[in-house]
Amino acid sequence: MAKSKNIFFCQECGYESAKWLGQCPACKAWNAFVEEPTIGKGSTASGGIRHQAKASEPVLLSSVHSSDEKRRPTGISEFDRVLGGGIVPGSLVLVGGDPGIGKSTLLLQMSRCLSEQSCRTVYVSGEESLQQIRLRADRLGVFKNDLAMLCETNLDVIQETILKYKPEVVIIDSIQTMYREDISSGAGSVSQVREATSVLMQLAKRENIAIFIVGHVTKEGVVAGPRVLEHMVDTVLYFEGDRHASYRLLRAVKNRFGSTNEIGVFEMCSEGLTEVKNPSEFMLSGRPEGTAGSVVACAMEGTRPLMLEVQALVCQTNFQIPRRTAAGTDYNRVNLLLAVLEKRLGLKLAGCDAYINLAGGMRLNEPAIDLAIVAAVISSYRNAAVESDTMIFGEVGLTGEVRAVSQAEQRVREAEKLGFKVCCIPQSNMKYIRSKAGIRVIGIRNVKDLYDFIC
Ligand code: TYD
Ligand code: MG
């Protein structure tokens with residue numbers, strides 16, 4: 001008999017190692033390794049039975065029908081946008097996020113919309129009792145049609161039930177509570193999570209059922225993180241946002257059936273999640289007016305422009321090495337921009353602390369917000385406010401030049417729609433702005449131009 005062997009797995013990304021390691025070489029997580037028995041070679045997702053290999057015929061691409069027209073809308077348009085236009089039958093979708101961010105709420109709302117379209121849906125919960133789900137459902141409002149629920153964590157039972165009930169959509173909340181009896185490690189371990197996902201994958205493909213899996217992102221490494229199964233599923237969505245702010249972003253990290261650039265914006269209210277149709281307006285609400293260090297920028301999230309407020313606070317340092325922080329954007333990029341300002345404009349930033357913040361807990365790494373960061377720093381340094389009806393975007397290069405960005409026209413139109421009067425954009429983008437009526441567009445060649453505009 002083969003001896004069962006133990007192996008070490010990283011709880012964050014699933015990296016395997018023969019010995020314990022303090023830091024994972026793959027994802028650099030510390031203290032994430034746990035010992036688990038390996039699954040024997042003979043045991044597969046189909047319960048250890050190996051089918052005899054049979055030669056199969058290659059198929060011509062032109063003879064395969066596209067299934068795109070069969071996408072089913074979820075009934076939540078922000079969700080559809082992120083999925084790439086609706087649910088693809090037979091797809092496996094992972095919805096990851098911090099505990100308590102609203103994953104169960106989102107999927108329960110989706111199930112409600114689906115049941116209203118008479119789509120057979122099963123909501124499998126391994127975390128909450130039926131009464132608890134009922135309580136949540138009552139908060140969300142009226143369920144016009146009934147929804148099938150199942151409280152179960154044994155995957156074999158779930159599989160049987162699904163095969164019997166034949167739903168179109170299944171929700172598994174959460175993958176970390178599911179287990180298979182023939183695997184000795186506990187629920188939430190790397191081997192259980194992987195095995196459970198591969199069982200669900202086969203079920204989705206064979207029966208043409210769309211399956212949504214909830215995966216908790218873990219900080220403490222108690223259960224395996226969703227990154228362990230990112231490569232196995234068709235679509236990976238992350239639900240994120242500041243726990244203290246009310247808005248939530250649904251972002252696609254991987255999507256076999258659509259773009260990964262789109263985001264969905266929601267707001268968590270007392271009766272569940274509501275869609276935010278105009279995120280720019282939402283992000284700019286409550287912005288201080290006429291204050292130094294606050295600048296409005298425009299980023300693109302997929303095909304949609306998103307306006308946001310960039311804040312900077314520059315003050316005399318009391319430390320030997322000045323403090324720099326960048327909340328919501330790349331720290332190194334901020335340091336680079338500060339160095340450009342120091343060299344090209346002669347600002348004495350070496351003696352100043354600089355704190356940069358994208359208001360509202362947004363996270364963005366788009367180079368197009370460079371110019372707004374630079375403007376906010378200059379504004380705070382010189383204590384000169386930028387007019388509150390001004391929007392600024394552009395990429396800043398190392399010599400202080402302002403470089404063109406994509407989709408400038410769309411960004412300007414978004415600013416115009418929200419009632420902005422002035423736009424500072426890269427000079428090289430000027431020729432692509434067709435109609436300048438309704439808004440004053442200023443071309444900026446370098447950081448000196450911007451400095452002259454602000455001060
Ligand atoms: P939940 O969906 O349970 O999070 P997850 O499944 O990602 O762990 O969301 C729980 C949070 O959402 C909880 O803090 C309460 C809040 N919430 C509302 O604010 N309004 C609501 O209508 C609901 C159902 C939840
Ligand atoms: Mg939950």
# chains A, B, ... in the order shown; residues from 1 in each chain; ligands from 1
call {"tool": "select_by_dssp", "arguments": {"residues": "segment 293-451 of chain A", "states": "helix (DSSP H, G or I)", "output": "ChimeraX atom specification"}}
result
/A:331-345,349-351,359-361,367-381,408-417,427-432,447-451
call {"tool": "residues_near_ligand", "arguments": {"ligand": "ligand 2", "cutoff": "7 Å", "atoms": "only C-alpha atoms and all ligand atoms", "output": "PDB file with N, CA and C atoms, in the first residue's frame"}}
result
ATOM      1  N   PRO A  99     -14.439  39.134   4.620  1.00  0.00           N
ATOM      2  CA  PRO A  99     -15.671  38.755   5.316  1.00  0.00           C
ATOM      3  C   PRO A  99     -16.477  40.003   5.682  1.00  0.00           C
ATOM      4  N   GLY A 100     -17.776  39.934   5.493  1.00  0.00           N
ATOM      5  CA  GLY A 100     -18.648  41.044   5.884  1.00  0.00           C
ATOM      6  C   GLY A 100     -18.749  42.156   4.859  1.00  0.00           C
ATOM      7  N   GLY A 102     -20.221  41.960   1.897  1.00  0.00           N
ATOM      8  CA  GLY A 102     -21.542  41.937   1.258  1.00  0.00           C
ATOM      9  C   GLY A 102     -21.692  40.895   0.155  1.00  0.00           C
ATOM     10  N   LYS A 103     -20.846  39.871   0.151  1.00  0.00           N
ATOM     11  CA  LYS A 103     -20.917  38.855  -0.907  1.00  0.00           C
ATOM     12  C   LYS A 103     -22.234  38.091  -0.845  1.00  0.00           C
ATOM     13  N   SER A 104     -22.601  37.638   0.365  1.00  0.00           N
ATOM     14  CA  SER A 104     -23.853  36.879   0.492  1.00  0.00           C
ATOM     15  C   SER A 104     -25.043  37.745   0.116  1.00  0.00           C
ATOM     16  N   GLU A 127     -22.841  28.526   5.727  1.00  0.00           N
ATOM     17  CA  GLU A 127     -22.445  29.453   6.791  1.00  0.00           C
ATOM     18  C   GLU A 127     -23.602  29.859   7.667  1.00  0.00           C
ATOM     19  N   ASP A 173     -22.151  29.203  -0.947  1.00  0.00           N
ATOM     20  CA  ASP A 173     -21.706  30.214   0.018  1.00  0.00           C
ATOM     21  C   ASP A 173     -21.250  29.510   1.292  1.00  0.00           C
TER      22      ASP A 173
END
call {"tool": "residues_near_ligand", "arguments": {"ligand": "ligand 1", "cutoff": "8 Å", "atoms": "only C-alpha atoms and all ligand atoms", "output": "CSV table (one decimal) with C-alpha atoms, in the first residue's frame"}}
result
chain,number,residue,atom,x,y,z
A,97,GLY,CA,-13.8,39.5,-0.8
A,98,ASP,CA,-13.2,40.3,2.8
A,99,PRO,CA,-15.7,38.8,5.3
A,100,GLY,CA,-18.6,41.0,5.9
A,101,ILE,CA,-18.2,43.1,2.7
A,102,GLY,CA,-21.5,41.9,1.3
A,103,LYS,CA,-20.9,38.9,-0.9
A,104,SER,CA,-23.9,36.9,0.5
A,105,THR,CA,-26.1,39.9,0.2
A,106,LEU,CA,-25.1,40.5,-3.5
A,136,ARG,CA,-31.5,38.7,5.5
A,137,ALA,CA,-34.1,38.1,2.8
A,139,ARG,CA,-34.3,43.0,5.0
A,140,LEU,CA,-33.8,42.9,1.3
A,173,ASP,CA,-21.7,30.2,0.0
A,214,VAL,CA,-18.1,32.6,-2.6
A,216,HIS,CA,-13.5,34.7,1.8
A,268,MET,CA,-24.7,49.2,0.9
A,269,CYS,CA,-28.0,50.5,2.4
A,270,SER,CA,-30.2,49.3,5.2
A,271,GLU,CA,-32.2,47.3,2.6
A,272,GLY,CA,-29.3,45.6,0.8
A,273,LEU,CA,-27.1,46.7,-2.1
call {"tool": "select_by_dssp", "arguments": {"residues": "segment 419-454 of chain A", "states": "strand (DSSP E or B)", "output": "compact mmCIF listing (two decimals) with C-alpha atoms, in the first residue's frame"}}
result
# COMPACT_ATOMS: atom_id res chain seq x y z
CA VAL A 422 -12.37 73.86 -17.00
CA CYS A 423 -10.33 70.81 -18.00
CA CYS A 424 -6.53 70.62 -17.91
CA ILE A 425 -5.45 67.89 -20.29
CA PRO A 426 -2.19 66.90 -22.03
CA ARG A 440 -12.81 75.33 -21.45
CA VAL A 441 -10.07 72.85 -22.33
CA ILE A 442 -6.49 73.83 -21.54
CA GLY A 443 -3.53 71.95 -23.04
CA ILE A 444 -0.67 71.33 -20.59
CA ASN A 446 4.78 70.10 -18.80
call {"tool": "atom_distance", "arguments": {"atom1": "atom CA of Arg445 of chain A", "atom2": "atom CA of Val396 of chain A"}}
result
9.8 Å
call {"tool": "residues_around", "arguments": {"residues": "segment 19-36 of chain A", "least_positions_apart": "4", "cutoff": "10 Å", "atoms": "only C-alpha atoms", "output": "list in words"}}
result
Lys5, Asn6, Ile7, Phe8, Phe9, Cys10, Gln11, Glu12, Cys13, Gly14, Tyr15, Ser184, Ser185, Gly186, Ser189, Val190, Ser191, Gln192, Lys219, Glu220, Gly221, Val222, Val223, Ala224 and Arg227 of chain A
call {"tool": "residues_around", "arguments": {"residues": "Glu395 of chain A", "least_positions_apart": "2", "cutoff": "7 Å", "atoms": "only C-alpha atoms", "output": "list in words"}}
result
Pro367, Ala368, Ile369, Asp370, Leu371, Gly397, Val402, Arg403, Ala404 and Val405 of chain A
call {"tool": "write_last_selection", "arguments": {"atoms": "C-alpha atoms", "output": "CSV table (one decimal), in the first residue's frame"}}
result
chain,number,residue,atom,x,y,z
A,367,PRO,CA,-1.0,56.9,-14.9
A,368,ALA,CA,-3.7,59.4,-16.0
A,369,ILE,CA,-4.1,60.5,-12.4
A,370,ASP,CA,-0.4,61.6,-12.3
A,371,LEU,CA,-1.2,65.2,-13.2
A,397,GLY,CA,7.1,61.7,-17.4
A,402,VAL,CA,2.9,65.7,-19.7
A,403,ARG,CA,2.0,62.8,-22.0
A,404,ALA,CA,-1.1,61.9,-23.8
A,405,VAL,CA,-3.6,59.4,-22.2
call {"tool": "residues_around", "arguments": {"residues": "segment 143-157 of chain A", "least_positions_apart": "3", "cutoff": "6 Å", "atoms": "only C-alpha atoms", "output": "JSON, numbers by chain"}}
result
{"A": [115, 116, 122, 123, 124, 125, 126, 160, 178, 179, 180]}
call {"tool": "closest_residue", "arguments": {"among": "A:Lys436, A:Lys54, A:Arg413, A:Arg382", "to": "Val314 of chain A", "atoms": "only C-alpha atoms"}}
result
A:Arg382
call {"tool": "closest_atom_pairs", "arguments": {"of": "segment 302-394 of chain A", "to": "segment 277-288 of chain A", "cutoff": "7 Å", "atoms": "only C-alpha atoms", "output": "JSON lines"}}
result
{"residue": "A:Leu306", "atom": "CA", "partner": "A:Ser280", "partner_atom": "CA", "distance": 5.1}
{"residue": "A:Met307", "atom": "CA", "partner": "A:Ser280", "partner_atom": "CA", "distance": 4.7}
{"residue": "A:Leu308", "atom": "CA", "partner": "A:Met283", "partner_atom": "CA", "distance": 5.6}
{"residue": "A:Glu309", "atom": "CA", "partner": "A:Leu284", "partner_atom": "CA", "distance": 6.4}
{"residue": "A:Gly360", "atom": "CA", "partner": "A:Met283", "partner_atom": "CA", "distance": 6.8}
call {"tool": "write_last_selection", "arguments": {"atoms": "C-alpha atoms", "output": "mmCIF file, in the first residue's frame"}}
result
data_model
loop_
_atom_site.group_PDB
_atom_site.id
_atom_site.type_symbol
_atom_site.label_atom_id
_atom_site.label_comp_id
_atom_site.auth_asym_id
_atom_site.auth_seq_id
_atom_site.Cartn_x
_atom_site.Cartn_y
_atom_site.Cartn_z
ATOM 1 C CA LEU A 306 -14.814 57.707 -13.174
ATOM 2 C CA MET A 307 -14.150 61.070 -11.587
ATOM 3 C CA LEU A 308 -12.597 61.169 -8.169
ATOM 4 C CA GLU A 309 -10.947 63.534 -5.742
ATOM 5 C CA GLY A 360 -13.444 57.658 -0.512
#
call {"tool": "residues_around", "arguments": {"residues": "Ile209 of chain A", "least_positions_apart": "3", "cutoff": "12 Å", "atoms": "only C-alpha atoms", "output": "VMD selection string"}}
result
chain A and resid 72 87 to 93 119 to 122 159 162 to 163 165 to 171 200 to 206 212
call {"tool": "write_last_selection", "arguments": {"atoms": "C-alpha atoms", "output": "mmCIF file, in the first residue's frame"}}
result
data_model
loop_
_atom_site.group_PDB
_atom_site.id
_atom_site.type_symbol
_atom_site.label_atom_id
_atom_site.label_comp_id
_atom_site.auth_asym_id
_atom_site.auth_seq_id
_atom_site.Cartn_x
_atom_site.Cartn_y
_atom_site.Cartn_z
ATOM 1 C CA ARG A 72 -28.794 35.252 -18.959
ATOM 2 C CA ILE A 87 -24.382 34.752 -16.841
ATOM 3 C CA VAL A 88 -22.846 32.240 -19.250
ATOM 4 C CA PRO A 89 -24.425 28.790 -18.796
ATOM 5 C CA GLY A 90 -21.927 26.233 -17.539
ATOM 6 C CA SER A 91 -19.529 28.825 -16.147
ATOM 7 C CA LEU A 92 -17.857 28.756 -12.764
ATOM 8 C CA VAL A 93 -17.595 32.179 -11.148
ATOM 9 C CA CYS A 119 -34.794 30.812 -13.568
ATOM 10 C CA ARG A 120 -34.316 27.746 -11.390
ATOM 11 C CA THR A 121 -31.832 28.803 -8.749
ATOM 12 C CA VAL A 122 -30.483 27.028 -5.676
ATOM 13 C CA GLN A 159 -23.970 17.243 -5.873
ATOM 14 C CA ILE A 162 -28.191 19.524 -7.778
ATOM 15 C CA LEU A 163 -28.399 16.539 -10.106
ATOM 16 C CA TYR A 165 -33.239 19.414 -8.833
ATOM 17 C CA LYS A 166 -31.595 20.437 -12.153
ATOM 18 C CA PRO A 167 -31.208 24.182 -11.527
ATOM 19 C CA GLU A 168 -29.783 26.667 -14.021
ATOM 20 C CA VAL A 169 -27.837 28.640 -11.440
ATOM 21 C CA VAL A 170 -26.291 27.470 -8.167
ATOM 22 C CA ILE A 171 -24.715 29.630 -5.467
ATOM 23 C CA LEU A 200 -18.127 21.909 -8.890
ATOM 24 C CA MET A 201 -16.218 22.617 -12.099
ATOM 25 C CA GLN A 202 -17.073 19.221 -13.520
ATOM 26 C CA LEU A 203 -20.668 19.586 -12.420
ATOM 27 C CA ALA A 204 -20.943 23.009 -14.086
ATOM 28 C CA LYS A 205 -19.461 21.840 -17.380
ATOM 29 C CA ARG A 206 -21.255 18.493 -17.543
ATOM 30 C CA PHE A 212 -21.180 31.029 -8.280
#
call {"tool": "residues_around", "arguments": {"residues": "Leu345 of chain A", "least_positions_apart": "4", "cutoff": "9 Å", "atoms": "only C-alpha atoms", "output": "PyMOL selection string"}}
result
chain A and resi 340-341+400+447-448+451
call {"tool": "closest_residue", "arguments": {"among": "A:Thr329, A:Gln131, A:Thr197, A:Ser428", "to": "Gln311 of chain A", "atoms": "only C-alpha atoms"}}
result
A:Thr329
call {"tool": "atom_distance", "arguments": {"atom1": "atom CA of Asn357 of chain A", "atom2": "atom CA of Phe453 of chain A"}}
result
22.2 Å
call {"tool": "closest_residue", "arguments": {"among": "A:Ile76, A:Val193, A:Leu338, A:Ile263", "to": "Gly302 of chain A", "atoms": "only C-alpha atoms"}}
result
A:Ile263
call {"tool": "atom_distance", "arguments": {"atom1": "atom CA of Ile439 of chain A", "atom2": "atom CA of Val412 of chain A"}}
result
8.3 Å
